[in-house]
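**Student:** Take a look at the following structure, please.
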Amino acid sequence: MSVKRILFVCTGNTCRSPMAEIILKTKIKLAGISGVRVDSAGLYATEGHKMSRNSMTALRKMGYKPYGFKAKRATAAVLLKSDLIICMTEDHKNYIKNFPEVYSMREIAGEDIPDPYGGDLNAYIKTSHKIEDACNIILNKIINEELLK
């Protein structure tokens, strides 16, 4: 079986997409699903930046373990290696819509994920819960073979 690659995309790859990466990776592992790799990148990411402190704190409060994350840019090579690209917003999707298998969170899970950048910890916690809800939908679609066919 070949490995299927999911890529979450946001703007800077320090808040939303890293949270989505960690949440979905954890859910896939707990569900016992093999052959699926989850990653993230940002349209304007600065390579090597760490995940934002508030994103890490929000994840920890939800019981997830942020690891030694380093931001990466959503280059053509990174995008082309992916079997499924999930953008946090319709605007992100429109920016890379010419790549194969690009969707927005709105299309897959019902709503865009707003950027908490610059907000307080509560904004990040609220965003992390929206991402977790979206990842539950994504996981169910993977299990039901609606995604990654």
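Identifiers in this document derive from the order of the structure tokens: chains are assigned A, B, ..., residues are numbered from 1 separately in each chain, and ligands are numbered from 1 in order of occurrence.
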Would you list the contacts of range 84-99 of chain A as a CSV table (one decimal) with N, CA, C and O atoms, in the first residue's frame, taking every protein, DNA or RNA residue within 12 Å and counting only C-alpha atoms, but skipping same-chain residues closer than 5 positions in sequence?
**Tutor:**
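Everything below was put into out20.csv:
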chain,number,residue,atom,x,y,z
A,3,VAL,N,1.8,5.2,0.6
A,3,VAL,CA,1.5,6.2,1.6
A,3,VAL,C,0.8,7.3,1.0
A,3,VAL,O,1.2,7.8,-0.1
A,4,LYS,N,-0.3,7.8,1.6
A,4,LYS,CA,-1.0,8.9,1.2
A,4,LYS,C,-0.6,10.1,2.1
A,4,LYS,O,-0.5,10.0,3.3
A,5,ARG,N,-0.5,11.2,1.4
A,5,ARG,CA,0.0,12.4,2.2
A,5,ARG,C,-1.0,13.5,2.2
A,5,ARG,O,-1.5,14.0,1.1
A,6,ILE,N,-1.3,14.0,3.4
A,6,ILE,CA,-2.2,15.1,3.6
A,6,ILE,C,-1.4,16.3,4.0
A,6,ILE,O,-0.5,16.2,4.9
A,7,LEU,N,-1.7,17.5,3.4
A,7,LEU,CA,-0.9,18.7,3.7
A,7,LEU,C,-2.0,19.8,4.1
A,7,LEU,O,-2.9,20.1,3.4
A,8,PHE,N,-1.8,20.3,5.3
A,8,PHE,CA,-2.6,21.5,5.8
A,8,PHE,C,-1.8,22.7,5.4
A,8,PHE,O,-0.6,22.8,5.6
A,9,VAL,N,-2.6,23.7,4.9
A,9,VAL,CA,-1.9,25.0,4.4
A,9,VAL,C,-2.6,26.2,5.1
A,9,VAL,O,-3.9,26.2,5.1
A,10,CYS,N,-1.8,27.1,5.6
A,10,CYS,CA,-2.3,28.4,6.1
A,10,CYS,C,-1.3,29.4,5.7
A,10,CYS,O,-0.6,29.2,4.7
A,11,THR,N,-1.3,30.5,6.3
A,11,THR,CA,-0.5,31.7,5.9
A,11,THR,C,1.0,31.5,6.3
A,11,THR,O,1.9,31.5,5.5
A,12,GLY,N,1.2,31.4,7.6
A,12,GLY,CA,2.6,31.4,8.1
A,12,GLY,C,3.1,30.1,8.6
A,12,GLY,O,4.3,30.0,9.0
A,13,ASN,N,2.3,29.1,8.7
A,13,ASN,CA,2.7,27.8,9.2
A,13,ASN,C,3.2,27.9,10.7
A,13,ASN,O,4.1,27.2,11.0
A,15,CYS,N,0.6,28.8,13.3
A,15,CYS,CA,-0.6,28.7,14.2
A,15,CYS,C,-1.6,27.6,13.7
A,15,CYS,O,-1.6,26.5,14.3
A,16,ARG,N,-2.4,27.9,12.7
A,16,ARG,CA,-3.5,26.9,12.4
A,16,ARG,C,-3.0,25.6,11.7
A,16,ARG,O,-3.4,24.6,12.2
A,17,SER,N,-2.2,25.7,10.7
A,17,SER,CA,-1.8,24.4,10.0
A,17,SER,C,-1.0,23.5,10.9
A,17,SER,O,-1.2,22.3,10.9
A,18,PRO,N,-0.1,24.0,11.8
A,18,PRO,CA,0.6,23.1,12.7
A,18,PRO,C,-0.3,22.5,13.7
A,18,PRO,O,-0.2,21.3,14.0
A,19,MET,N,-1.3,23.2,14.2
A,19,MET,CA,-2.3,22.7,15.1
A,19,MET,C,-3.1,21.5,14.4
A,19,MET,O,-3.3,20.5,15.0
A,20,ALA,N,-3.5,21.8,13.2
A,20,ALA,CA,-4.2,20.8,12.4
A,20,ALA,C,-3.4,19.5,12.2
A,20,ALA,O,-3.8,18.4,12.3
A,21,GLU,N,-2.1,19.8,11.8
A,21,GLU,CA,-1.2,18.6,11.6
A,21,GLU,C,-1.1,17.8,12.9
A,21,GLU,O,-1.2,16.5,12.8
A,24,LEU,N,-4.6,16.0,13.7
A,24,LEU,CA,-5.0,14.9,12.8
A,24,LEU,C,-4.0,13.7,12.9
A,24,LEU,O,-4.4,12.6,12.9
A,36,VAL,N,-1.0,6.8,6.2
A,36,VAL,CA,-1.3,8.2,6.0
A,36,VAL,C,-0.4,9.1,6.7
A,36,VAL,O,-0.1,8.9,7.9
A,37,ARG,N,0.2,10.0,6.0
A,37,ARG,CA,1.2,11.0,6.6
A,37,ARG,C,0.5,12.4,6.6
A,37,ARG,O,-0.1,12.7,5.6
A,38,VAL,N,0.7,13.1,7.6
A,38,VAL,CA,0.1,14.5,7.7
A,38,VAL,C,1.3,15.5,7.9
A,38,VAL,O,2.2,15.2,8.7
A,39,ASP,N,1.2,16.6,7.2
A,39,ASP,CA,2.2,17.6,7.3
A,39,ASP,C,1.5,19.0,7.2
A,39,ASP,O,0.3,19.0,7.0
A,40,SER,N,2.3,20.0,7.3
A,40,SER,CA,1.7,21.4,7.1
A,40,SER,C,2.7,22.3,6.5
A,40,SER,O,3.9,22.0,6.6
A,41,ALA,N,2.2,23.4,5.9
A,41,ALA,CA,3.1,24.4,5.3
A,41,ALA,C,2.3,25.7,5.2
A,41,ALA,O,1.1,25.7,5.4
A,42,GLY,N,3.1,26.8,5.0
A,42,GLY,CA,2.5,28.1,4.9
A,42,GLY,C,2.8,28.8,3.6
A,42,GLY,O,3.9,28.7,3.1
A,43,LEU,N,1.8,29.5,3.1
A,43,LEU,CA,2.0,30.2,1.8
A,43,LEU,C,3.1,31.3,2.0
A,43,LEU,O,3.9,31.5,1.0
A,44,TYR,N,3.2,31.9,3.1
A,44,TYR,CA,4.3,32.9,3.4
A,44,TYR,C,5.2,32.6,4.6
A,44,TYR,O,5.7,33.4,5.2
A,74,ALA,N,5.0,26.5,1.6
A,74,ALA,CA,4.3,25.7,0.7
A,74,ALA,C,4.8,25.9,-0.7
A,74,ALA,O,4.1,26.6,-1.6
A,75,THR,N,5.9,25.3,-1.0
A,75,THR,CA,6.5,25.5,-2.3
A,75,THR,C,5.8,24.5,-3.3
A,75,THR,O,5.1,23.6,-2.9
A,76,ALA,N,6.1,24.7,-4.6
A,76,ALA,CA,5.5,23.8,-5.6
A,76,ALA,C,5.8,22.3,-5.3
A,76,ALA,O,5.0,21.4,-5.4
A,77,ALA,N,7.1,22.1,-4.9
A,77,ALA,CA,7.6,20.7,-4.6
A,77,ALA,C,6.8,20.1,-3.5
A,77,ALA,O,6.4,19.0,-3.5
A,78,VAL,N,6.6,20.9,-2.4
A,78,VAL,CA,5.9,20.4,-1.2
A,78,VAL,C,4.4,20.1,-1.6
A,78,VAL,O,3.8,19.1,-1.3
A,79,LEU,N,3.8,21.0,-2.4
A,79,LEU,CA,2.4,20.9,-2.8
A,79,LEU,C,2.2,19.6,-3.7
A,79,LEU,O,1.3,18.9,-3.5
A,104,SER,N,-10.7,23.5,0.6
A,104,SER,CA,-10.7,24.4,1.8
A,104,SER,C,-11.4,23.7,3.0
A,104,SER,O,-12.1,22.7,2.7
A,105,MET,N,-11.1,24.1,4.2
A,105,MET,CA,-11.8,23.5,5.3
A,105,MET,C,-13.3,23.7,5.2
A,105,MET,O,-14.1,22.9,5.6
A,106,ARG,N,-13.7,24.8,4.6
A,106,ARG,CA,-15.1,25.1,4.4
A,106,ARG,C,-15.8,24.0,3.5
A,106,ARG,O,-16.8,23.5,3.8
A,107,GLU,N,-15.1,23.5,2.5
A,107,GLU,CA,-15.6,22.5,1.6
A,107,GLU,C,-15.6,21.1,2.3
A,107,GLU,O,-16.6,20.4,2.1
A,108,ILE,N,-14.6,20.9,3.1
A,108,ILE,CA,-14.6,19.5,3.8
A,108,ILE,C,-15.3,19.5,5.1
A,108,ILE,O,-16.0,18.5,5.4
A,109,ALA,N,-15.2,20.6,5.9
A,109,ALA,CA,-15.7,20.5,7.3
A,109,ALA,C,-16.8,21.6,7.6
A,109,ALA,O,-17.3,21.7,8.7
A,110,GLY,N,-17.1,22.4,6.6
A,110,GLY,CA,-18.3,23.3,6.7
A,110,GLY,C,-17.9,24.8,7.0
A,110,GLY,O,-18.8,25.6,6.9
A,111,GLU,N,-16.7,25.1,7.4
A,111,GLU,CA,-16.3,26.5,7.7
A,111,GLU,C,-14.8,26.7,7.6
A,111,GLU,O,-14.0,25.8,7.9
A,112,ASP,N,-14.5,27.9,7.2
A,112,ASP,CA,-13.1,28.3,7.3
A,112,ASP,C,-12.6,28.4,8.7
A,112,ASP,O,-13.4,28.5,9.6
A,113,ILE,N,-11.3,28.3,8.9
A,113,ILE,CA,-10.7,28.4,10.2
A,113,ILE,C,-10.1,29.8,10.3
A,113,ILE,O,-9.1,30.1,9.6
A,114,PRO,N,-10.6,30.7,11.1
A,114,PRO,CA,-10.1,32.0,11.2
A,114,PRO,C,-8.7,32.1,11.8
A,114,PRO,O,-8.4,31.2,12.7
A,115,ASP,N,-7.9,33.0,11.5
A,115,ASP,CA,-6.5,33.2,12.0
A,115,ASP,C,-6.5,33.8,13.3
A,115,ASP,O,-7.0,34.9,13.5
A,116,PRO,N,-6.0,33.1,14.4
A,116,PRO,CA,-5.9,33.7,15.7
A,116,PRO,C,-4.7,34.6,15.9
A,116,PRO,O,-4.6,35.2,17.0
A,127,THR,N,-9.8,28.6,18.3
A,127,THR,CA,-9.4,28.1,17.0
A,127,THR,C,-9.0,26.6,17.1
A,127,THR,O,-9.4,25.9,16.2
A,130,LYS,N,-12.1,24.5,16.9
A,130,LYS,CA,-12.6,24.5,15.5
A,130,LYS,C,-11.8,23.5,14.7
A,130,LYS,O,-12.4,22.8,13.9
A,131,ILE,N,-10.5,23.6,14.8
A,131,ILE,CA,-9.6,22.7,14.1
A,131,ILE,C,-9.9,21.2,14.5
A,131,ILE,O,-10.0,20.3,13.6
A,134,ALA,N,-13.0,20.0,12.9
A,134,ALA,CA,-12.8,19.8,11.5
A,134,ALA,C,-12.0,18.5,11.3
A,134,ALA,O,-12.3,17.7,10.4
A,135,CYS,N,-11.0,18.2,12.1
A,135,CYS,CA,-10.2,17.0,12.0
A,135,CYS,C,-11.0,15.8,12.3
A,135,CYS,O,-10.8,14.7,11.7
A,138,ILE,N,-12.7,15.2,9.1
A,138,ILE,CA,-11.7,14.6,8.1
A,138,ILE,C,-11.4,13.2,8.4
A,138,ILE,O,-11.4,12.3,7.5
A,142,ILE,N,-11.9,9.9,6.0
A,142,ILE,CA,-10.8,9.0,5.7
A,142,ILE,C,-11.3,7.5,6.0
A,142,ILE,O,-11.1,6.6,5.2
A,146,GLU,N,-14.1,8.5,1.9
A,146,GLU,CA,-14.5,9.6,1.1
A,146,GLU,C,-13.4,10.6,0.7
A,146,GLU,O,-13.5,11.4,-0.2
A,147,LEU,N,-12.3,10.5,1.5
A,147,LEU,CA,-11.1,11.2,1.2
A,147,LEU,C,-9.9,10.2,1.0
A,147,LEU,O,-10.0,9.1,1.5
A,148,LEU,N,-8.9,10.5,0.2
A,148,LEU,CA,-7.8,9.7,0.0
A,148,LEU,C,-8.2,8.3,-0.7
A,148,LEU,O,-7.7,7.3,-0.3
A,149,LYS,N,-9.0,8.4,-1.6
A,149,LYS,CA,-9.5,7.2,-2.3
A,149,LYS,C,-8.3,6.6,-3.1
A,149,LYS,O,-7.5,7.2,-3.6
**Student:** Would you mind reading off the distance between CA of Gly63 in chain A and CA of Leu139 in chain A, one decimal, in Å?
**Tutor:**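 For CA of Gly63 in chain A relative to CA of Leu139 in chain A, the distance reads 17.8 Å.
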**Student:** Per DSSP on the backbone, filter chain A down to the residues in alpha helix (DSSP H) and report them as a PyMOL selection string.
**Tutor:** chain A and resi 16-30+53-61+76-80+90-95+105-109+121-143
**Student:** Pick out each residue of range 8-55 of chain A that DSSP on the backbone tags as strand (DSSP E); I need them as a VMD selection string.
**Tutor:** chain A and resid 8 to 10 36 to 42
**Student:** Next, dump the selected residues to file, keeping only C-alpha atoms, as a PDB file, in the first residue's frame.
**Tutor:**
ATOM      1  CA  PHE A   8      -2.610  21.458   5.756  1.00  0.00           C
ATOM      2  CA  VAL A   9      -1.939  24.974   4.443  1.00  0.00           C
ATOM      3  CA  CYS A  10      -2.317  28.350   6.127  1.00  0.00           C
ATOM      4  CA  VAL A  36      -1.346   8.212   5.968  1.00  0.00           C
ATOM      5  CA  ARG A  37       1.171  10.987   6.594  1.00  0.00           C
ATOM      6  CA  VAL A  38       0.138  14.461   7.747  1.00  0.00           C
ATOM      7  CA  ASP A  39       2.196  17.610   7.284  1.00  0.00           C
ATOM      8  CA  SER A  40       1.689  21.362   7.089  1.00  0.00           C
ATOM      9  CA  ALA A  41       3.097  24.392   5.303  1.00  0.00           C
ATOM     10  CA  GLY A  42       2.450  28.102   4.925  1.00  0.00           C
TER      11      GLY A  42
END
**Student:** Rounded to one decimal, what separation in Å do you get between CA of Pro100 in chain A and CA of Arg73 in chain A?
**Tutor:**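 Distance between the two atoms: 17.6 Å.
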**Student:** By how many Å are CA of Ser2 in chain A and CA of Glu47 in chain A apart?
**Tutor:**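 Spanning CA of Ser2 in chain A to CA of Glu47 in chain A is a straight-line distance of 28.1 Å.
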**Student:** So that I can see what lies close to Lys65 in chain A, please list as number ranges by chain the residues with an atom at most 10 Å from it, counting only C-alpha atoms and leaving out residues fewer than 4 positions away in the same chain.
**Tutor:** A: 22-23, 26, 56-57, 59-61
**Student:** Output C-alpha atoms for every residue in the selection just made, as a tab-separated table (two decimals), in the first residue's frame.
**Tutor:**
chain	number	residue	atom	x	y	z
A	22	ILE	CA	-0.68	17.59	15.24
A	23	ILE	CA	-4.38	17.01	15.91
A	26	THR	CA	-2.78	12.06	16.75
A	56	MET	CA	1.40	25.11	21.68
A	57	THR	CA	-0.42	26.09	24.88
A	59	LEU	CA	-2.78	22.10	22.05
A	60	ARG	CA	-1.45	21.14	25.48
A	61	LYS	CA	-4.68	22.27	27.15
**Student:** Which of these, A:Ile28, A:Ile137, A:Ala71, A:Ala123, has the shortest distance to Met51 in chain A once you count only C-alpha atoms?
**Tutor:**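 Comparing A:Ile28, A:Ile137, A:Ala71, A:Ala123 against Met51 in chain A, the winner is A:Ala71.
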**Student:** Using only C-alpha atoms, can you tell me which of A:Asp120, A:Ile143, A:Lys126, A:Tyr103 comes closest to Arg53 in chain A?
**Tutor:**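 Among the listed residues, A:Asp120 lies closest to Arg53 in chain A.
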